[in-house]
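Colleague: Input my_file.tsv, format and content: TSV, C-alpha atoms and all ligand atoms.
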```tsv
chain	number	residue	atom	x	y	z
A	14	VAL	CA	203.26	-33.23	321.55
A	15	ASP	CA	206.57	-32.35	319.86
A	16	TRP	CA	208.96	-34.09	322.29
A	17	ASN	CA	211.99	-32.93	320.29
A	18	LYS	CA	211.03	-29.36	321.19
A	19	VAL	CA	210.66	-30.43	324.84
A	20	GLN	CA	214.10	-32.08	324.73
A	21	GLU	CA	215.63	-28.93	323.17
A	22	ARG	CA	214.09	-26.80	325.93
A	23	TRP	CA	215.49	-29.04	328.70
A	24	ASN	CA	218.91	-28.94	326.96
A	25	TYR	CA	218.69	-25.13	326.92
A	26	LEU	CA	217.68	-24.93	330.59
A	27	ARG	CA	220.18	-27.45	332.01
A	28	PRO	CA	223.27	-25.17	331.89
A	29	ILE	CA	221.25	-22.30	333.41
A	30	LYS	CA	219.91	-24.36	336.32
A	31	GLU	CA	219.40	-28.12	336.21
A	32	SER	CA	216.03	-28.76	337.82
A	33	LEU	CA	215.27	-32.35	338.77
A	34	ALA	CA	212.73	-32.30	335.95
A	35	ALA	CA	215.54	-31.56	333.48
A	36	LYS	CA	217.94	-34.00	335.11
A	37	TYR	CA	215.51	-36.87	334.77
A	38	TYR	CA	214.36	-36.07	331.26
A	39	THR	CA	216.69	-38.81	329.95
A	40	ASN	CA	216.79	-40.35	326.47
A	41	GLU	CA	214.79	-43.28	327.84
A	42	VAL	CA	212.09	-40.91	329.10
A	43	HIS	CA	212.20	-39.06	325.77
A	44	GLU	CA	211.52	-42.33	323.95
A	45	LYS	CA	208.90	-43.56	326.43
A	46	ALA	CA	206.98	-40.24	326.26
A	47	GLN	CA	206.46	-40.72	322.53
A	48	SER	CA	204.89	-44.13	323.06
A	49	LEU	CA	202.13	-42.78	325.34
A	50	SER	CA	198.57	-42.12	324.19
A	51	GLN	CA	197.96	-38.58	322.89
A	52	ALA	CA	196.00	-37.77	326.06
A	53	ASP	CA	198.80	-39.00	328.33
A	54	GLN	CA	201.41	-37.15	326.27
A	55	ARG	CA	199.50	-33.90	326.80
A	56	ARG	CA	199.10	-34.76	330.48
A	57	LEU	CA	202.84	-35.45	330.88
A	58	LEU	CA	203.65	-32.14	329.19
A	59	ASP	CA	201.28	-30.42	331.66
A	60	VAL	CA	203.22	-32.08	334.51
A	61	MET	CA	206.48	-30.58	333.17
A	62	MET	CA	205.10	-27.11	332.37
A	63	GLY	CA	206.32	-25.41	335.55
A	64	GLY	CA	209.89	-26.53	334.94
A	65	LEU	CA	209.84	-25.83	331.21
A	66	CYS	CA	208.56	-22.28	331.76
A	67	ASN	CA	210.57	-21.26	334.85
A	68	GLN	CA	214.35	-21.42	334.64
A	69	ASP	CA	214.65	-20.93	338.41
A	70	SER	CA	212.83	-24.20	339.06
A	71	GLY	CA	214.56	-26.55	341.46
A	72	VAL	CA	212.15	-29.43	340.97
A	73	GLY	CA	210.10	-28.41	337.93
A	74	VAL	CA	207.10	-30.75	337.97
A	75	TYR	CA	203.59	-30.61	339.39
A	76	ALA	CA	201.19	-33.56	339.26
A	77	THR	CA	197.82	-32.72	337.69
A	78	ARG	CA	195.89	-35.65	339.25
A	79	PRO	CA	196.85	-38.34	341.80
A	80	GLU	CA	197.13	-40.98	339.06
A	81	ASP	CA	200.05	-39.10	337.48
A	82	TYR	CA	202.47	-40.59	339.99
A	83	ASP	CA	201.76	-44.08	338.61
A	84	ALA	CA	201.08	-43.20	334.98
A	85	PHE	CA	204.42	-41.36	334.75
A	86	SER	CA	206.47	-43.26	337.34
A	87	PHE	CA	209.12	-43.97	334.67
A	88	TYR	CA	209.89	-40.23	334.91
A	89	LEU	CA	208.73	-39.21	338.39
A	90	GLU	CA	210.00	-42.13	340.51
A	91	PRO	CA	213.74	-41.41	340.15
A	92	LEU	CA	213.07	-37.67	340.51
A	93	ILE	CA	211.17	-38.30	343.76
A	94	ARG	CA	213.84	-40.61	345.17
A	95	THR	CA	216.56	-38.07	344.51
A	96	TYR	CA	214.67	-35.14	346.02
A	97	HIS	CA	213.74	-37.10	349.13
A	98	ASN	CA	217.12	-38.86	349.29
A	99	ILE	CA	215.39	-42.23	349.35
A	100	GLU	CA	217.24	-45.53	348.94
A	101	GLY	CA	215.59	-48.88	348.31
A	102	ASP	CA	211.92	-49.67	348.79
A	103	THR	CA	210.80	-46.95	351.16
A	104	LYS	CA	207.11	-47.02	352.04
A	105	GLN	CA	205.63	-43.97	353.75
A	106	GLU	CA	204.56	-44.50	357.37
A	107	HIS	CA	202.71	-42.08	359.65
A	108	ASP	CA	203.48	-41.32	363.30
A	109	TRP	CA	201.89	-38.41	365.12
A	110	ASN	CA	203.22	-39.33	368.56
A	111	ILE	CA	204.96	-36.04	369.20
A	112	PRO	CA	205.39	-35.29	372.91
A	113	ILE	CA	204.66	-31.98	374.54
A	114	GLY	CA	207.56	-30.71	376.65
A	115	LYS	CA	210.34	-32.43	374.68
A	116	TYR	CA	211.18	-30.06	371.83
A	117	LEU	CA	211.70	-26.85	373.79
A	118	LEU	CA	213.37	-24.18	371.66
A	119	LYS	CA	214.33	-22.10	374.72
A	120	GLU	CA	216.71	-24.93	375.66
A	121	ILE	CA	218.54	-24.36	372.37
A	122	ASN	CA	218.71	-20.60	372.78
A	123	PRO	CA	217.16	-18.74	375.75
A	124	LYS	CA	216.04	-16.02	373.30
A	125	LEU	CA	213.71	-18.55	371.68
A	126	GLU	CA	211.05	-18.10	374.36
A	127	LYS	CA	208.31	-16.78	372.09
A	128	VAL	CA	208.89	-17.92	368.54
A	129	SER	CA	206.57	-18.05	365.54
A	130	MET	CA	206.26	-21.81	365.06
A	131	ARG	CA	204.22	-23.25	362.22
A	132	ALA	CA	203.35	-26.73	361.07
A	133	ARG	CA	201.30	-27.44	357.99
A	134	VAL	CA	200.26	-30.48	356.09
A	135	ALA	CA	199.27	-30.51	352.44
A	136	ARG	CA	196.26	-32.65	351.69
A	137	ASN	CA	194.26	-33.49	348.56
A	138	VAL	CA	190.90	-35.21	348.70
A	139	LYS	CA	190.38	-38.55	346.97
A	140	GLY	CA	188.25	-38.34	343.83
A	141	TRP	CA	189.15	-34.78	342.80
A	142	ASN	CA	191.73	-33.52	340.30
A	143	LEU	CA	194.79	-31.77	341.71
A	144	PRO	CA	194.79	-27.95	341.42
A	145	PRO	CA	196.81	-27.77	338.18
A	146	SER	CA	194.03	-29.43	336.19
A	147	MET	CA	190.86	-28.41	338.06
A	148	ASP	CA	188.51	-26.25	335.99
A	149	LYS	CA	186.51	-23.40	337.51
A	150	ALA	CA	183.42	-25.53	338.09
A	151	GLU	CA	185.41	-28.18	339.96
A	152	ARG	CA	187.16	-25.53	342.08
A	153	LEU	CA	183.82	-24.01	343.10
A	154	LYS	CA	182.30	-27.42	343.80
A	155	PHE	CA	185.31	-28.36	345.91
A	156	GLU	CA	185.06	-25.13	347.91
A	157	ALA	CA	181.35	-25.73	348.59
A	158	THR	CA	182.11	-29.32	349.67
A	159	MET	CA	184.77	-28.12	352.11
A	160	GLU	CA	182.44	-25.50	353.59
A	161	GLU	CA	180.03	-28.28	354.54
A	162	VAL	CA	182.88	-30.04	356.36
A	163	PHE	CA	184.02	-26.87	358.14
A	164	ALA	CA	180.44	-26.28	359.34
A	165	LYS	CA	180.64	-29.54	361.35
A	166	PHE	CA	183.87	-28.65	363.19
A	167	ASN	CA	183.80	-28.63	366.99
A	168	ILE	CA	186.50	-25.92	366.79
A	169	PRO	CA	184.96	-22.43	366.46
A	170	GLY	CA	186.01	-20.66	363.27
A	171	THR	CA	184.86	-19.00	360.04
A	172	TYR	CA	185.36	-19.74	356.34
A	173	HIS	CA	186.31	-16.63	354.36
A	174	SER	CA	186.04	-17.01	350.59
A	175	GLN	CA	187.90	-15.19	347.84
A	176	THR	CA	185.32	-16.30	345.27
A	177	PRO	CA	183.71	-13.13	343.85
A	178	GLY	CA	180.09	-12.86	345.03
A	179	HIS	CA	180.47	-15.58	347.68
A	180	LYS	CA	178.20	-15.04	350.71
A	181	ASN	CA	181.37	-14.82	352.92
A	182	GLU	CA	183.54	-13.00	350.40
A	183	LEU	CA	186.71	-11.52	351.92
A	184	SER	CA	187.06	-7.77	351.38
A	185	ASN	CA	190.38	-6.62	349.92
A	186	GLU	CA	191.17	-4.89	353.21
A	187	LYS	CA	190.47	-8.05	355.23
A	188	ALA	CA	192.48	-10.18	352.79
A	189	GLU	CA	195.40	-7.75	353.09
A	190	GLU	CA	195.13	-7.87	356.90
A	191	PHE	CA	195.22	-11.69	356.82
A	192	ARG	CA	198.21	-11.66	354.46
A	193	LYS	CA	200.14	-9.23	356.65
A	194	ALA	CA	199.49	-11.61	359.57
A	195	HIS	CA	200.88	-14.47	357.38
A	196	PHE	CA	197.50	-16.23	357.69
A	197	LEU	CA	196.40	-16.02	354.07
A	198	PHE	CA	198.35	-17.09	351.00
A	199	ASN	CA	199.39	-14.48	348.43
A	200	ASP	CA	197.66	-13.69	345.16
A	201	MET	CA	198.64	-16.85	343.29
A	202	THR	CA	198.86	-15.04	339.97
A	203	THR	CA	202.01	-13.32	341.28
A	204	ASP	CA	203.91	-16.64	341.31
A	205	ASN	CA	205.03	-17.73	337.82
A	206	HIS	CA	205.43	-21.32	338.97
A	207	LEU	CA	201.76	-21.40	339.91
A	208	THR	CA	200.48	-19.57	336.83
A	209	THR	CA	202.48	-21.58	334.28
A	210	SER	CA	201.59	-24.94	335.86
A	211	GLY	CA	197.86	-24.20	335.98
A	212	VAL	CA	197.75	-24.23	339.78
A	213	ALA	CA	196.64	-20.57	339.75
A	214	ASN	CA	194.03	-20.98	337.02
A	215	ASP	CA	190.61	-19.32	337.60
A	216	TRP	CA	192.08	-17.16	340.40
A	217	PRO	CA	190.51	-16.26	342.83
A	218	HIS	CA	187.52	-18.57	342.26
A	219	GLY	CA	187.31	-21.49	344.72
A	220	ARG	CA	190.01	-20.04	346.98
A	221	GLY	CA	189.62	-19.15	350.62
A	222	ILE	CA	190.65	-19.73	354.20
A	223	TRP	CA	189.00	-21.28	357.22
A	224	LEU	CA	190.35	-19.48	360.29
A	225	SER	CA	189.79	-20.54	363.89
A	226	GLU	CA	188.48	-17.90	366.28
A	227	ASP	CA	191.73	-18.02	368.27
A	228	LYS	CA	193.69	-17.61	365.00
A	229	THR	CA	196.01	-20.56	365.76
A	230	LYS	CA	194.47	-22.92	363.23
A	231	MET	CA	193.70	-22.34	359.54
A	232	ILE	CA	192.93	-24.22	356.37
A	233	TRP	CA	193.80	-22.84	352.95
A	234	VAL	CA	191.40	-23.95	350.22
A	235	GLY	CA	192.59	-24.03	346.62
A	236	GLU	CA	196.26	-23.10	346.88
A	237	GLU	CA	199.02	-25.31	345.48
A	238	ASP	CA	197.28	-28.30	347.04
A	239	GLN	CA	193.53	-28.46	347.43
A	240	LEU	CA	194.07	-28.03	351.18
A	241	ARG	CA	196.85	-26.74	353.40
A	242	ILE	CA	196.04	-27.42	357.05
A	243	ILE	CA	198.05	-25.11	359.28
A	244	SER	CA	198.78	-24.59	362.94
A	245	ILE	CA	200.55	-21.45	364.15
A	246	VAL	CA	201.71	-21.11	367.73
A	247	HIS	CA	203.81	-18.34	369.30
A	248	GLY	CA	205.81	-20.14	371.95
A	249	ASN	CA	208.73	-22.53	372.15
A	250	ASP	CA	207.37	-26.09	372.30
A	251	LEU	CA	207.24	-27.70	368.87
A	252	GLY	CA	205.00	-30.47	370.25
A	253	VAL	CA	202.20	-27.99	370.93
A	254	VAL	CA	202.07	-27.03	367.24
A	255	ASP	CA	201.87	-30.65	366.14
A	256	ASN	CA	199.10	-31.56	368.54
A	257	SER	CA	197.08	-28.54	367.42
A	258	LEU	CA	197.54	-29.58	363.80
A	259	LYS	CA	196.54	-33.17	364.49
A	260	ASP	CA	193.32	-31.95	366.17
A	261	LEU	CA	192.39	-30.11	362.98
A	262	LEU	CA	193.15	-33.12	360.78
A	263	THR	CA	190.99	-35.30	363.02
A	264	GLN	CA	188.10	-32.84	362.64
A	265	MET	CA	188.39	-33.02	358.84
A	266	GLU	CA	188.44	-36.80	358.78
A	267	LYS	CA	185.44	-36.84	361.17
A	268	GLY	CA	183.75	-34.60	358.60
A	269	GLY	CA	183.90	-37.48	356.16
A	270	ILE	CA	186.95	-36.49	354.12
A	271	THR	CA	189.25	-39.21	352.72
A	272	PHE	CA	192.64	-37.86	351.77
A	273	ALA	CA	194.36	-39.09	348.62
A	274	GLU	CA	197.15	-41.49	349.60
A	275	HIS	CA	199.53	-43.65	347.58
A	276	PRO	CA	200.63	-47.09	348.87
A	277	THR	CA	204.31	-46.14	348.52
A	278	TYR	CA	204.42	-42.35	348.46
A	279	GLY	CA	201.91	-41.72	351.23
A	280	ILE	CA	200.10	-38.39	351.04
A	281	ILE	CA	199.57	-37.38	347.42
A	282	THR	CA	200.52	-33.76	346.73
A	283	THR	CA	200.67	-31.48	343.71
A	284	CYS	CA	204.43	-31.01	344.04
A	285	PRO	CA	206.41	-34.18	344.75
A	286	THR	CA	208.46	-32.30	347.32
A	287	ASN	CA	205.50	-32.36	349.68
A	288	MET	CA	204.43	-35.98	349.39
A	289	GLY	CA	204.77	-38.59	352.13
A	290	THR	CA	203.74	-36.69	355.19
A	291	GLY	CA	202.87	-33.51	353.29
A	292	LYS	CA	204.20	-31.91	356.46
A	293	ARG	CA	206.30	-28.80	356.63
A	294	GLN	CA	207.22	-27.63	360.10
A	295	SER	CA	209.13	-24.40	360.59
A	296	ILE	CA	210.13	-21.64	362.89
A	297	LEU	CA	211.05	-18.07	362.11
A	298	GLY	CA	214.53	-17.68	363.57
A	299	GLN	CA	217.20	-14.96	363.49
A	300	PHE	CA	220.69	-15.76	362.14
A	301	PRO	CA	222.42	-12.36	361.75
A	302	ASN	CA	225.89	-13.85	362.15
A	303	ILE	CA	225.65	-16.75	359.70
A	304	SER	CA	223.72	-14.62	357.16
A	305	LYS	CA	225.89	-11.53	357.73
A	306	LYS	CA	222.78	-9.51	358.66
A	307	GLY	CA	220.79	-11.01	355.82
A	308	THR	CA	223.30	-10.01	353.14
A	309	ASP	CA	224.58	-13.57	352.66
A	310	GLU	CA	221.44	-15.69	352.40
A	311	LYS	CA	223.42	-18.32	350.50
A	312	ALA	CA	225.64	-19.02	353.53
A	313	LEU	CA	222.61	-19.70	355.72
A	314	LYS	CA	220.85	-21.75	353.03
A	315	GLU	CA	223.93	-23.93	352.47
A	316	LEU	CA	224.60	-24.45	356.17
A	317	ALA	CA	220.94	-25.29	356.76
A	318	LYS	CA	221.06	-27.76	353.88
A	319	SER	CA	224.04	-29.52	355.48
A	320	PHE	CA	221.77	-30.15	358.50
A	321	ASN	CA	218.89	-31.47	356.32
A	322	LEU	CA	217.11	-28.14	356.74
A	323	GLN	CA	215.80	-25.60	354.25
A	324	ALA	CA	216.17	-21.85	354.96
A	325	ARG	CA	213.65	-19.57	353.27
A	326	GLY	CA	212.85	-15.90	353.48
A	327	MET	CA	210.31	-14.54	355.94
A	328	GLY	CA	207.44	-14.70	353.51
A	329	GLY	CA	208.14	-18.37	352.76
A	330	GLU	CA	209.24	-19.72	349.41
A	331	HIS	CA	211.00	-17.39	346.95
A	332	SER	CA	211.03	-14.53	349.56
A	333	ALA	CA	213.98	-12.64	351.09
A	334	MET	CA	215.50	-12.59	354.57
A	335	ASP	CA	215.67	-9.30	356.50
A	336	GLU	CA	218.68	-7.47	358.01
A	337	ASN	CA	218.39	-9.61	361.16
A	338	GLY	CA	218.85	-12.72	359.05
A	339	THR	CA	215.30	-13.71	359.88
A	340	ALA	CA	214.61	-16.95	358.05
A	341	ASP	CA	211.95	-19.60	357.90
A	342	ILE	CA	213.73	-22.85	358.82
A	343	SER	CA	212.22	-26.26	358.08
A	344	PRO	CA	213.37	-29.84	357.44
A	345	SER	CA	213.68	-30.58	353.70
A	346	ALA	CA	212.38	-34.14	353.92
A	347	ARG	CA	208.66	-34.81	353.92
A	348	PHE	CA	208.62	-38.32	352.43
A	349	GLY	CA	210.30	-41.39	353.92
A	350	VAL	CA	210.07	-39.76	357.33
A	351	THR	CA	207.16	-39.73	359.76
A	352	GLU	CA	205.44	-36.64	361.15
A	353	ALA	CA	207.29	-37.26	364.43
A	354	THR	CA	210.65	-37.49	362.63
A	355	VAL	CA	210.01	-34.12	360.96
A	356	ALA	CA	209.62	-32.51	364.40
A	357	GLN	CA	212.76	-34.29	365.67
A	358	ARG	CA	214.79	-33.22	362.61
A	359	LEU	CA	213.70	-29.61	362.97
A	360	TYR	CA	214.75	-29.60	366.60
A	361	ASP	CA	218.08	-31.40	366.02
A	362	GLY	CA	218.89	-29.19	363.03
A	363	LEU	CA	218.18	-26.01	365.02
A	364	VAL	CA	220.49	-27.21	367.80
A	365	LYS	CA	223.34	-27.42	365.29
A	366	LEU	CA	222.41	-24.17	363.49
A	367	TYR	CA	222.28	-22.15	366.72
A	368	GLN	CA	225.54	-23.69	368.00
A	369	ILE	CA	227.19	-22.06	364.99
A	370	GLU	CA	225.12	-18.86	365.11
A	371	LEU	CA	225.82	-18.29	368.81
A	372	GLY	CA	229.39	-19.48	368.56
A	373	LYS	CA	230.29	-16.84	365.97
A	401	LIG	N1	208.14	-24.55	341.37
A	401	LIG	C1	208.83	-25.56	342.08
A	401	LIG	C2	208.63	-25.48	343.61
A	401	LIG	C3	209.28	-26.59	344.31
A	401	LIG	C4	208.98	-26.71	345.77
A	401	LIG	N2	208.00	-25.74	346.30
A	401	LIG	C5	206.69	-25.93	346.25
A	401	LIG	N3	206.14	-27.03	345.86
A	401	LIG	N4	205.89	-24.93	346.63
A	401	LIG	C6	210.30	-25.50	341.69
A	401	LIG	O1	210.76	-26.45	341.12
A	401	LIG	O2	210.94	-24.49	341.98
```
Please express the file's structure as structure tokens.
Modeller:
Amino acid sequence: VDWNKVQERWNYLRPIKESLAAKYYTNEVHEKAQSLSQADQRRLLDVMMGGLCNQDSGVGVYATRPEDYDAFSFYLEPLIRTYHNIEGDTKQEHDWNIPIGKYLLKEINPKLEKVSMRARVARNVKGWNLPPSMDKAERLKFEATMEEVFAKFNIPGTYHSQTPGHKNELSNEKAEEFRKAHFLFNDMTTDNHLTTSGVANDWPHGRGIWLSEDKTKMIWVGEEDQLRIISIVHGNDLGVVDNSLKDLLTQMEKGGITFAEHPTYGIITTCPTNMGTGKRQSILGQFPNISKKGTDEKALKELAKSFNLQARGMGGEHSAMDENGTADISPSARFGVTEATVAQRLYDGLVKLYQIELGK
């Protein structure tokens, strides 16, 4: 690997937008990279590829296998601590004790009676590569392994595959219907971060979705992480979403799956932003005043950030808000917090956000 070229590229990108990957590509890292084995040098370059190829990257790295977080800790550790705002020796802990009846959105704003609430956790299974470095054979083997687990669920549902020729192959019409309902992830080859990092390789082989009959629970197979386990509830009690999600996780673990976990970082994920809990919990809320009817997304994003929240467009990451200022609001932190804290932070942040929205 020509690390001088890599250094030149980071120097070129920094003034455009300094991703964390650029920020932490220090002279020490530059020197250390050159002392690695050839295989590890190529692996480290693969980790950086998303950031090197996409100047709009905020983070800019994707792990290619769970071991990357230790093999390249000299580079990734400070990057992770900054993103997750972690001081000292934080060790990830888990806590799913999230009460029903406590986080009631209608108490924040009476209009929030029937809200699209989502919670998802990213998971990767021990013993497999992460999506950026899986080859087609591994992706297909992984999909087949997951289908065996889904078949044992005590929750009625169906696995729909996007693998060409699969016995349960999704038709284009059905896939479009699922995407419009925000059930199914988009064509991954339309996201440059996913194509340049290898996450989208072999699309659409090994990709699919398990969807519960009542359409409140789903599992993405083969997206940015090997698995995204999702609960969607239209209502106003955040606790209901979490309990539904935990039920699904329990079913997977009962099916014999061991998730990849790190002693410090907790849940291992492709992107370091998702590690720890791997949990993202959000609601779709309207903020026409703060966002000036969706024309000033920056104002909403910055205000949300000041409350430890992230505001995204309606279609999730890298998507736009609409004229009602409809945004997907979620806590930024996923590591160094527990699953219960994520729910608490979402609720507390929404209280503050709506105080301003309704006060305007
Ligand atoms: N391409 C990454 C995305 C960062 C967070 N979002 C994820 N993991 N989907 C970037 O640095 O923009």
Colleague: Please find the residues contacting ligand LIG 401 (chain A) at a distance of at most 9 Å between atoms, with all atoms listed in the file counted, and report them as a VMD selection string.
Modeller: chain A and resid 32 to 34 63 to 64 67 to 75 204 to 207 210 237 282 to 287 330 to 331
Colleague: Taking 2 positions as the minimum chain separation for residues in the same chain, which residues sit within 10 Å of segment 315-324 of chain A when counting only C-alpha atoms? Answer as an mmCIF file with C-alpha atoms, in the frame of the given file.
Modeller:
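The resulting result-v5.cif:
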```cif
data_model
loop_
_atom_site.group_PDB
_atom_site.id
_atom_site.type_symbol
_atom_site.label_atom_id
_atom_site.label_comp_id
_atom_site.auth_asym_id
_atom_site.auth_seq_id
_atom_site.Cartn_x
_atom_site.Cartn_y
_atom_site.Cartn_z
ATOM 1 C CA SER A 295 209.130 -24.400 360.590
ATOM 2 C CA ILE A 296 210.130 -21.640 362.890
ATOM 3 C CA LEU A 297 211.050 -18.070 362.110
ATOM 4 C CA GLY A 298 214.530 -17.680 363.570
ATOM 5 C CA ILE A 303 225.650 -16.750 359.700
ATOM 6 C CA SER A 304 223.720 -14.620 357.160
ATOM 7 C CA GLU A 310 221.440 -15.690 352.400
ATOM 8 C CA LYS A 311 223.420 -18.320 350.500
ATOM 9 C CA ALA A 312 225.640 -19.020 353.530
ATOM 10 C CA LEU A 313 222.610 -19.700 355.720
ATOM 11 C CA GLY A 326 212.850 -15.900 353.480
ATOM 12 C CA MET A 327 210.310 -14.540 355.940
ATOM 13 C CA GLY A 329 208.140 -18.370 352.760
ATOM 14 C CA GLU A 330 209.240 -19.720 349.410
ATOM 15 C CA MET A 334 215.500 -12.590 354.570
ATOM 16 C CA THR A 339 215.300 -13.710 359.880
ATOM 17 C CA ALA A 340 214.610 -16.950 358.050
ATOM 18 C CA ASP A 341 211.950 -19.600 357.900
ATOM 19 C CA ILE A 342 213.730 -22.850 358.820
ATOM 20 C CA SER A 343 212.220 -26.260 358.080
ATOM 21 C CA PRO A 344 213.370 -29.840 357.440
ATOM 22 C CA SER A 345 213.680 -30.580 353.700
ATOM 23 C CA ALA A 346 212.380 -34.140 353.920
ATOM 24 C CA ARG A 358 214.790 -33.220 362.610
ATOM 25 C CA LEU A 359 213.700 -29.610 362.970
ATOM 26 C CA ASP A 361 218.080 -31.400 366.020
ATOM 27 C CA GLY A 362 218.890 -29.190 363.030
ATOM 28 C CA LEU A 363 218.180 -26.010 365.020
ATOM 29 C CA VAL A 364 220.490 -27.210 367.800
ATOM 30 C CA LYS A 365 223.340 -27.420 365.290
ATOM 31 C CA LEU A 366 222.410 -24.170 363.490
ATOM 32 C CA ILE A 369 227.190 -22.060 364.990
#
```
Colleague: Closest to Val162 of chain A among A:Lys228, A:Lys267, A:Lys119, A:Lys127, using only C-alpha atoms?
Modeller: A:Lys267
Colleague: Go through segment 68-173 of chain A and flag each residue having an atom no more than 9 Å from segment 179-185 of chain A; for those, report the closest pair of atoms plus their distance in Å to one decimal, using only C-alpha atoms, ordered by chain and rising number, as JSON lines.
Modeller:
```
{"residue": "A:Thr171", "atom": "CA", "partner": "A:Asn181", "partner_atom": "CA", "distance": 9.0}
{"residue": "A:Tyr172", "atom": "CA", "partner": "A:Asn181", "partner_atom": "CA", "distance": 7.2}
{"residue": "A:His173", "atom": "CA", "partner": "A:Asn181", "partner_atom": "CA", "distance": 5.5}
```
Colleague: Leaving out segment 115-118 of chain A and any residue of its chain fewer than 4 positions from it, which residues lie within 8 Å of it when counting only C-alpha atoms, given as a PDB file with C-alpha atoms, in the coordinates of the input?
Modeller:
```
ATOM      1  CA  ASN A 122     218.710 -20.600 372.780  1.00  0.00           C
ATOM      2  CA  PRO A 123     217.160 -18.740 375.750  1.00  0.00           C
ATOM      3  CA  LEU A 125     213.710 -18.550 371.680  1.00  0.00           C
ATOM      4  CA  GLU A 126     211.050 -18.100 374.360  1.00  0.00           C
ATOM      5  CA  ASN A 249     208.730 -22.530 372.150  1.00  0.00           C
ATOM      6  CA  ASP A 250     207.370 -26.090 372.300  1.00  0.00           C
ATOM      7  CA  LEU A 251     207.240 -27.700 368.870  1.00  0.00           C
ATOM      8  CA  GLY A 252     205.000 -30.470 370.250  1.00  0.00           C
ATOM      9  CA  ALA A 356     209.620 -32.510 364.400  1.00  0.00           C
ATOM     10  CA  GLN A 357     212.760 -34.290 365.670  1.00  0.00           C
ATOM     11  CA  TYR A 360     214.750 -29.600 366.600  1.00  0.00           C
TER      12      TYR A 360
END
```
Colleague: Looking at A:Lys230, A:Lys165, A:His107, A:Arg220, which one is nearest to Arg152 of chain A, with distances taken over all atoms listed in the file?
Modeller: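 Among the listed residues, A:Arg220 lies closest to Arg152 of chain A.
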Colleague: Using all atoms listed in the file for the distances, tell me which of A:Ile93, A:Ile222, A:Met61, A:Ile243 is nearest to Gly349 of chain A.
Modeller: A:Ile93
Colleague: Check the smallest atom-to-atom distance from each of A:Val138, A:Met62, A:Ile29, A:Met159 to Ile281 of chain A using only C-alpha atoms, then report the winner.
Modeller: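 Of the candidates, the smallest distance to Ile281 of chain A is held by A:Val138.
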Colleague: Distance atom CA of Asp227 of chain A-atom CA of Arg241 of chain A, one decimal place?
Modeller: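 If I compute the distance from atom CA of Asp227 of chain A to atom CA of Arg241 of chain A, I get 18.0 Å.
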Colleague: Just how far from atom CA of Ile245 of chain A is atom CA of His195 of chain A, in Å to one decimal?
Modeller: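 Atom CA of Ile245 of chain A lies at a distance of 9.7 Å from atom CA of His195 of chain A.
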Colleague: Hey, which of A:Asn167, A:Thr354, A:Gln299, A:Asn214 ends up closest to Leu261 of chain A? Count all atoms listed in the file.
Modeller: A:Asn167
Colleague: Mind checking which residues fall within 10 Å of Gly140 of chain A, counting only C-alpha atoms, ignoring those fewer than 2 positions away in the same chain, and posting them as a list in words?
Modeller: Arg78, Pro79, Asn137, Val138, Asn142, Leu143, Thr271, Phe272 and Ala273 of chain A
Colleague: Rounded to one decimal, what separation in Å do you get between atom CA of Lys45 of chain A and atom CA of Val60 of chain A?
Modeller: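 Interatomic distance, atom CA of Lys45 of chain A to atom CA of Val60 of chain A: 15.1 Å.
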